[in-house]
2 protein chains.
Amino acid sequence: MERHVDQELKELNKDILKMGALTEEAIYKSVEALKNRDKEMAESVIDNDANIDKLELEVDEKCIDLIARYQPMAKDLRLIATGMKINAELERIADIAVDIAQRTLELVDKPLLKPLIDIPKLTTVAQNMVKMSIDAFVTGDIALAKKVLLSDPEADELRNVIQKELIEDYMLKDGLTAPRAVQLLLIARFLERICDHATNIAEDVIYMVQAEVVRHHPEKLRDSE
Amino acid sequence: MERHVDQELKELNKDILKMGALTEEAIYKSVEALKNRDKEMAESVIDNDANIDKLELEVDEKCIDLIARYQPMAKDLRLIATGMKINAELERIADIAVDIAQRTLELVDKPLLKPLIDIPKLTTVAQNMVKMSIDAFVTGDIALAKKVLLSDPEADELRNVIQKELIEDYMLKDGLTAPRAVQLLLIARFLERICDHATNIAEDVIYMVQAEVVRHHPEKLRDSE
């Protein structure tokens, strides 16, 4: 028989999926705005962030209420605590999409340096990592969470390549490119930070699942209980 | 009479103060290393981060155990949940100190651009904000938390001034300064992100205290209960 708390935990999954969908949309739109020099789209990312902030607070509040009302035991408690952490990570990712949109607004009126180097590629990596990390939470899929961790070095590498190219091929050769090159360099770093947040989510999922496994072997927990 | 849970909540405060002290030390040393071109000190910040990560996990685990064992009601639960969030923020701040130390290692062998512009000033702002935000949590001092929020625009402004100076007075005038100027620009942004994390902590403290006030007025909570 399904417990009432199970129904509420399903609702929590739905909330996290909704936070994830809004966050993924913000990333997508912020980089589309950059690609298409679309000022309105960049502004829409900035304007929409208040809705994501609001949803984050609601989900956080729901989690606290859930713990207070059901006084859940270890496994459910860990799930809710992980949900709260992921909720916060997603809100931070959405904030970074706003950072990208703001850098984009600095660039829309200026000629492009060149077709954005590897920024679209890094964006795809970031989007996939965020999507996989949320799916890993919702399904408790530890293999998928580990796949996210394995993607992170690629993101670091792409960011380094972009940074090196912007410094060596642009700023060093022609100082006048610096204001635009700095904006692109920051956008590459923002995208890589999104990947770091996805990595945090994946680590939280692994910890949630593995601590649960440990909890099935109480002899391993002697020190902490 | 003091409840047993009160004793454990005091321990949680001590843990947060310890995380705070280690984090403040990491910020201090990372910037001292930059000022004094001290490679060993930069490396010590990077090496010590594993200890902070370990403490963060321990505190997190303690919080979950505390909730599971005492099944605390609203006020204590909110305190513990806020402690978990602040613990995570402090770990992120320590990670940023590592970022600063890594950028410093890129700079130690190269001639300084000039005596670090306003970076020492921004560092002082960041250190004060972190310190005040932790004190606000431990004492539940909402006025102190609000003081942290009021400091954030100063941090943004200092970062913008540093960034503008590095681009306009260095990179634009002499492209050869770009590799060093970019590192300093990133360090300024890292320091400003530390201020953002302190702001997050202060906001969490305000929310913790104010939500409690709201909870004393159940008519305001009709929609969420």
# chains A, B, ... in the order shown; residues from 1 in each chain; ligands from 1

call {"tool": "interface_residues", "arguments": {"of": "chain B", "to": "chain A", "cutoff": "9 Å", "atoms": "only C-alpha atoms", "output": "PDB file with C-alpha atoms, in the first residue's frame"}}
result
ATOM      1  CA  GLU B  61      25.746  14.121   8.340  1.00  0.00           C
ATOM      2  CA  LYS B  62      25.356  15.358  11.929  1.00  0.00           C
ATOM      3  CA  ILE B  64      20.622  14.675   9.204  1.00  0.00           C
ATOM      4  CA  ASP B  65      21.241  12.493  12.294  1.00  0.00           C
ATOM      5  CA  ILE B  67      16.722  15.547  12.599  1.00  0.00           C
ATOM      6  CA  ALA B  68      16.307  11.758  12.504  1.00  0.00           C
ATOM      7  CA  ARG B  69      16.929  11.333  16.244  1.00  0.00           C
ATOM      8  CA  GLN B  71      12.339  14.811  15.036  1.00  0.00           C
ATOM      9  CA  PRO B  72      12.487  18.510  15.916  1.00  0.00           C
ATOM     10  CA  MET B  73       9.523  20.832  15.522  1.00  0.00           C
ATOM     11  CA  ALA B  74       9.347  23.875  13.276  1.00  0.00           C
ATOM     12  CA  LEU B  77      14.077  22.147  12.302  1.00  0.00           C
ATOM     13  CA  ARG B  78      14.437  25.454  10.518  1.00  0.00           C
ATOM     14  CA  ALA B  81      18.058  23.242   7.855  1.00  0.00           C
ATOM     15  CA  LYS B  85      22.693  25.512   3.969  1.00  0.00           C
ATOM     16  CA  ALA B  88      27.340  24.251   2.151  1.00  0.00           C
ATOM     17  CA  ILE B 167      40.477  46.350 -19.223  1.00  0.00           C
ATOM     18  CA  GLU B 168      40.881  50.050 -19.991  1.00  0.00           C
ATOM     19  CA  TYR B 170      46.005  47.614 -19.168  1.00  0.00           C
ATOM     20  CA  MET B 171      44.544  45.264 -21.757  1.00  0.00           C
ATOM     21  CA  LEU B 172      43.312  47.937 -24.180  1.00  0.00           C
ATOM     22  CA  LYS B 173      46.570  49.926 -23.975  1.00  0.00           C
ATOM     23  CA  ASP B 174      48.941  46.978 -24.072  1.00  0.00           C
ATOM     24  CA  GLY B 175      47.678  43.589 -25.194  1.00  0.00           C
ATOM     25  CA  LEU B 176      50.777  41.958 -23.686  1.00  0.00           C
ATOM     26  CA  THR B 177      49.396  42.614 -20.186  1.00  0.00           C
ATOM     27  CA  ALA B 178      46.284  40.503 -20.962  1.00  0.00           C
ATOM     28  CA  PRO B 179      47.401  37.159 -19.458  1.00  0.00           C
ATOM     29  CA  VAL B 182      42.853  38.376 -16.843  1.00  0.00           C
ATOM     30  CA  LEU B 186      39.177  36.658 -12.247  1.00  0.00           C
ATOM     31  CA  SER B 224       0.875  26.775   2.617  1.00  0.00           C
ATOM     32  CA  GLU B 225      -0.617  24.582   5.335  1.00  0.00           C
TER      33      GLU B 225
END

call {"tool": "select_by_dssp", "arguments": {"residues": "stretch 1-121 of chain A", "states": "alpha helix (DSSP H)", "output": "PyMOL selection string"}}
result
chain A and resi 4-36+39-70+74-107+119-121

call {"tool": "calpha_fit_rmsd", "arguments": {"fixed": "chain A", "moving": "chain B"}}
result
0.2 Å

call {"tool": "closest_residue", "arguments": {"among": "A:Leu149, A:Leu17, A:Asn200, A:Ile117", "to": "A:Asp169", "atoms": "only C-alpha atoms"}}
result
A:Ile117

call {"tool": "atom_distance", "arguments": {"atom1": "atom CA of A:Asn87", "atom2": "atom CA of B:Asp6"}}
result
28.5 Å

call {"tool": "closest_residue", "arguments": {"among": "A:Lys18, A:Lys114, A:Arg180, A:Arg193", "to": "A:Asp135", "atoms": "only C-alpha atoms"}}
result
A:Lys18

call {"tool": "atom_distance", "arguments": {"atom1": "atom CA of A:Asp47", "atom2": "atom CA of A:Thr23"}}
result
13.2 Å

call {"tool": "closest_residue", "arguments": {"among": "B:Ala181, B:Ala202, B:Ile162, B:Leu116", "to": "B:Lys147", "atoms": "only C-alpha atoms"}}
result
B:Ala202
